[in-house]
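This report refers to the structure that appears directly beneath it.
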Amino acid sequence: MSKPRSTKKKDILESPTIESVVKYIQDKNVKNIIVMSGAGISTAAGIPDFRSKDTGLYHNLQKFDLPYAEAVFDIEYFEEKPEPFYELAKELYPGKFYPTKTHYFIRLLQEKGMLLRNFTQNIDTLERMTGLDQKYIIEAHGSFASASCIECNEKADSDMVREHALKGKVPHCESCDGLIKPDITFFGENLPARFFEHLEDFENADLLIVIGTSLQVQPFAALIDDVADHVPRLLINMEKAGDHKSKSSGFDFKWKYGLNRDVFYAGTCDDGVTQLAKLLGWEKELDDLYTKGNKKLKFTFAAIEPGEQEEDKEVDELADVLEKLTAKDDDDTKVPATTTTTTTTTNTTK
């Protein structure tokens, strides 16, 4: 995808700091922010990421003796041996976790009229659970929100799939007895059409915020290069990612190539967005949105009886009811892609 070029080649930001990004937002009246998010934004919710040593989800599947870690998301391997995926699904299935402060920061950007789109690698649907309008969400790798038979493509009953998944059991199609798979993009499958339909959003962005992703999976990782040269890019992550050695490919955190637009904030996702909110004067709004939003999820959808609202009941109670929120069918069609990918969640444009 071609991208617009700017004649302004330097001094886009005053310094490679998060404070400089905030000053840019305020001075330039930024209104079209794209957020690219990965598994790191959900770790504070209690969801393990995929690659962390000893605690990552891939590590926890070692008992299945996978030929390679990512085989759990390989469609050919799934067709032969679906059990590892459903063991993983048991840990990830919606209804067991709450959105994090980072998820609510993205929602706050929407409320401020500043969010153009959220491209997420995540399949956990936590973005939806914040109340973020689905027109802003591009689930690049699909999500658990719906499931289909891999043989006849018939949509599966969400309650049945969830019941099986939470027990680590493999569901089968009621029509043809084929394997049921959540509508998550596996290696060997096409990305959702909606992903491709909104790639042009990057041409209209005036700020790119990348949060909690290792930028190792294509074509998602390459999207950071699709914004115009004059658009600042902020990475919030525990470690640097996407830091390449080319002017036209990857981040330039050392400002070697003269564009002076890339910033790396080293820290947790929640720490990064909290700092952004504080500098922007939004800290109380973010805290309120996070606190009230998760309280609403707990007491509205958990249907807890009066007198039984103890904090330690939240996960067990939510697991029985939040599927009402996350089991919506988005019916995205698939289109051919030149590059396949894997996980880590309306066709209305802004």
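Convention: chains lettered A, B, ... in structure tokens order; per-chain residue numbering from 1; ligands numbered from 1 as shown.
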Please report, as a short mmCIF file (atom, residue, chain, number, x, y, z; two decimals) with N, CA, C and O atoms, in the first residue's frame, each residue of segment 87-226 of chain A to which DSSP assigns strand (DSSP E or B) when run on this structure's backbone.
```cif
data_model
loop_
_atom_site.label_atom_id
_atom_site.label_comp_id
_atom_site.auth_asym_id
_atom_site.auth_seq_id
_atom_site.Cartn_x
_atom_site.Cartn_y
_atom_site.Cartn_z
N LEU A 115 -10.10 8.61 18.22
CA LEU A 115 -9.73 7.28 17.76
C LEU A 115 -10.21 7.06 16.33
O LEU A 115 -11.40 7.17 16.04
N LEU A 116 -9.27 6.75 15.46
CA LEU A 116 -9.63 6.37 14.10
C LEU A 116 -9.92 4.89 14.03
O LEU A 116 -10.95 4.47 13.47
N ARG A 117 -9.05 4.07 14.61
CA ARG A 117 -9.26 2.62 14.59
C ARG A 117 -8.33 1.95 15.61
O ARG A 117 -7.25 2.45 15.92
N ASN A 118 -8.79 0.81 16.12
CA ASN A 118 -7.96 -0.05 16.95
C ASN A 118 -7.75 -1.36 16.22
O ASN A 118 -8.66 -2.17 16.10
N PHE A 119 -6.54 -1.55 15.70
CA PHE A 119 -6.16 -2.82 15.08
C PHE A 119 -5.57 -3.69 16.18
O PHE A 119 -4.53 -3.37 16.75
N THR A 120 -6.24 -4.78 16.52
CA THR A 120 -5.78 -5.64 17.61
C THR A 120 -5.44 -7.03 17.11
O THR A 120 -6.13 -7.59 16.26
N ILE A 137 -13.11 -1.33 15.95
CA ILE A 137 -12.27 -2.49 16.25
C ILE A 137 -12.00 -3.31 15.00
O ILE A 137 -12.93 -3.73 14.31
N ILE A 138 -10.73 -3.56 14.72
CA ILE A 138 -10.33 -4.49 13.67
C ILE A 138 -9.63 -5.66 14.35
O ILE A 138 -8.49 -5.54 14.81
N GLU A 139 -10.33 -6.77 14.47
CA GLU A 139 -9.74 -7.96 15.08
C GLU A 139 -8.95 -8.68 13.99
O GLU A 139 -9.46 -9.53 13.27
N GLY A 142 -9.12 -12.37 14.10
CA GLY A 142 -10.40 -12.94 14.51
C GLY A 142 -10.57 -12.90 16.02
O GLY A 142 -9.82 -12.23 16.73
N SER A 143 -11.56 -13.64 16.52
CA SER A 143 -11.80 -13.65 17.97
C SER A 143 -12.67 -14.84 18.35
O SER A 143 -13.15 -15.59 17.49
N PHE A 144 -12.90 -14.97 19.65
CA PHE A 144 -13.77 -16.01 20.18
C PHE A 144 -15.25 -15.64 20.07
O PHE A 144 -16.11 -16.40 20.52
N ALA A 145 -15.56 -14.49 19.48
CA ALA A 145 -16.94 -14.01 19.49
C ALA A 145 -17.89 -14.92 18.73
O ALA A 145 -19.09 -14.90 18.96
N SER A 146 -17.37 -15.70 17.80
CA SER A 146 -18.21 -16.65 17.06
C SER A 146 -17.36 -17.87 16.70
O SER A 146 -16.14 -17.85 16.86
N ALA A 147 -18.01 -18.93 16.24
CA ALA A 147 -17.31 -20.16 15.88
C ALA A 147 -18.03 -20.82 14.71
O ALA A 147 -19.24 -20.63 14.53
N SER A 148 -17.29 -21.61 13.94
CA SER A 148 -17.85 -22.24 12.74
C SER A 148 -17.27 -23.64 12.56
O SER A 148 -16.20 -23.96 13.08
N CYS A 149 -17.99 -24.44 11.80
CA CYS A 149 -17.50 -25.76 11.42
C CYS A 149 -16.45 -25.61 10.33
O CYS A 149 -16.67 -24.88 9.35
N LYS A 155 -22.37 -21.89 11.18
CA LYS A 155 -22.11 -21.25 12.46
C LYS A 155 -22.54 -22.16 13.59
O LYS A 155 -23.59 -22.80 13.53
N HIS A 172 -18.09 -30.56 18.20
CA HIS A 172 -18.29 -31.02 16.82
C HIS A 172 -19.58 -30.45 16.27
O HIS A 172 -20.52 -30.15 17.00
N LEU A 179 -15.18 -30.68 12.84
CA LEU A 179 -14.60 -29.96 13.96
C LEU A 179 -15.11 -28.52 13.99
O LEU A 179 -15.20 -27.86 12.95
N ILE A 180 -15.44 -28.04 15.17
CA ILE A 180 -15.82 -26.64 15.37
C ILE A 180 -14.58 -25.87 15.82
O ILE A 180 -13.85 -26.31 16.70
N LYS A 181 -14.38 -24.70 15.22
CA LYS A 181 -13.27 -23.84 15.59
C LYS A 181 -13.77 -22.41 15.77
O LYS A 181 -14.50 -21.90 14.92
N PRO A 182 -13.40 -21.73 16.86
CA PRO A 182 -13.72 -20.31 16.96
C PRO A 182 -13.18 -19.57 15.74
O PRO A 182 -12.20 -20.01 15.12
N ASP A 183 -13.83 -18.49 15.38
CA ASP A 183 -13.44 -17.76 14.16
C ASP A 183 -12.19 -16.93 14.39
O ASP A 183 -12.17 -15.69 14.30
N ILE A 184 -11.13 -17.65 14.71
CA ILE A 184 -9.80 -17.11 14.92
C ILE A 184 -8.95 -17.49 13.71
O ILE A 184 -9.05 -18.61 13.21
N PHE A 187 -2.66 -20.06 11.23
CA PHE A 187 -1.71 -20.19 10.13
C PHE A 187 -2.35 -21.08 9.06
O PHE A 187 -2.92 -22.12 9.38
N PRO A 192 -9.48 -11.90 8.09
CA PRO A 192 -10.82 -11.39 7.83
C PRO A 192 -10.81 -10.28 6.78
O PRO A 192 -9.88 -9.48 6.71
N LEU A 207 -1.49 10.01 14.24
CA LEU A 207 -0.64 9.47 15.31
C LEU A 207 -0.83 7.97 15.36
O LEU A 207 -1.96 7.49 15.21
N LEU A 208 0.26 7.24 15.54
CA LEU A 208 0.20 5.79 15.68
C LEU A 208 0.72 5.41 17.06
O LEU A 208 1.84 5.77 17.43
N ILE A 209 -0.11 4.70 17.83
CA ILE A 209 0.31 4.19 19.14
C ILE A 209 0.30 2.67 19.07
O ILE A 209 -0.72 2.05 18.77
N VAL A 210 1.45 2.07 19.32
CA VAL A 210 1.61 0.61 19.28
C VAL A 210 1.84 0.14 20.72
O VAL A 210 2.75 0.62 21.40
N ILE A 211 1.00 -0.79 21.19
CA ILE A 211 1.04 -1.17 22.60
C ILE A 211 1.04 -2.69 22.77
O ILE A 211 0.18 -3.39 22.24
#
```
Find the residues near segment 238-252 of chain A: any atom within 6 Å, counting only C-alpha atoms, skip ones fewer than 3 places away on the same chain, and give them as a PyMOL selection string. chain A and resi 214-215+255+257+262+266-268
Please determine, counting only C-alpha atoms, which residue among A:Gln121, A:Tyr86, A:Ala69, A:Lys254 has the shortest atom-to-atom distance to Gly168 of chain A.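 Closest to Gly168 of chain A of all the choices is A:Tyr86.
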With 12 Å as the cut-off and only C-alpha atoms counted, what is the closest atom pair between each nearby residue of segment 113-217 of chain A and segment 280-290 of chain A? Distances in Å to one decimal, ordered by chain and number, as CSV.
```
residue,atom,partner,partner_atom,distance
A:Met129,CA,A:Tyr290,CA,11.3
A:Thr130,CA,A:Tyr290,CA,8.4
A:Gly131,CA,A:Leu289,CA,10.4
A:Leu132,CA,A:Leu289,CA,11.6
```
List the neighbours of Val231 of chain A out to 8 Å using only C-alpha atoms; skip same-chain residues closer than 3 positions along the sequence, and give me the result as an MDAnalysis selection string. chainID A and resid 12 205:208 227:228 261
Selection: 9 Å around Ser20 of chain A, only C-alpha atoms, excl. self and same-chain fewer than 6 positions, as a PDB file with N, CA and C atoms, in the first residue's frame:
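Final output, saved to part-v3.pdb:
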```
ATOM      1  N   LEU A  13       8.890  15.663  16.189  1.00  0.00           N
ATOM      2  CA  LEU A  13       8.806  15.729  17.645  1.00  0.00           C
ATOM      3  C   LEU A  13      10.021  16.481  18.172  1.00  0.00           C
ATOM      4  N   GLU A  14       9.872  17.076  19.340  1.00  0.00           N
ATOM      5  CA  GLU A  14      10.984  17.829  19.908  1.00  0.00           C
ATOM      6  C   GLU A  14      12.033  16.924  20.532  1.00  0.00           C
ATOM      7  N   VAL A 263       9.128   7.090  19.206  1.00  0.00           N
ATOM      8  CA  VAL A 263       9.370   7.138  20.649  1.00  0.00           C
ATOM      9  C   VAL A 263       9.107   5.756  21.238  1.00  0.00           C
TER      10      VAL A 263
END
```
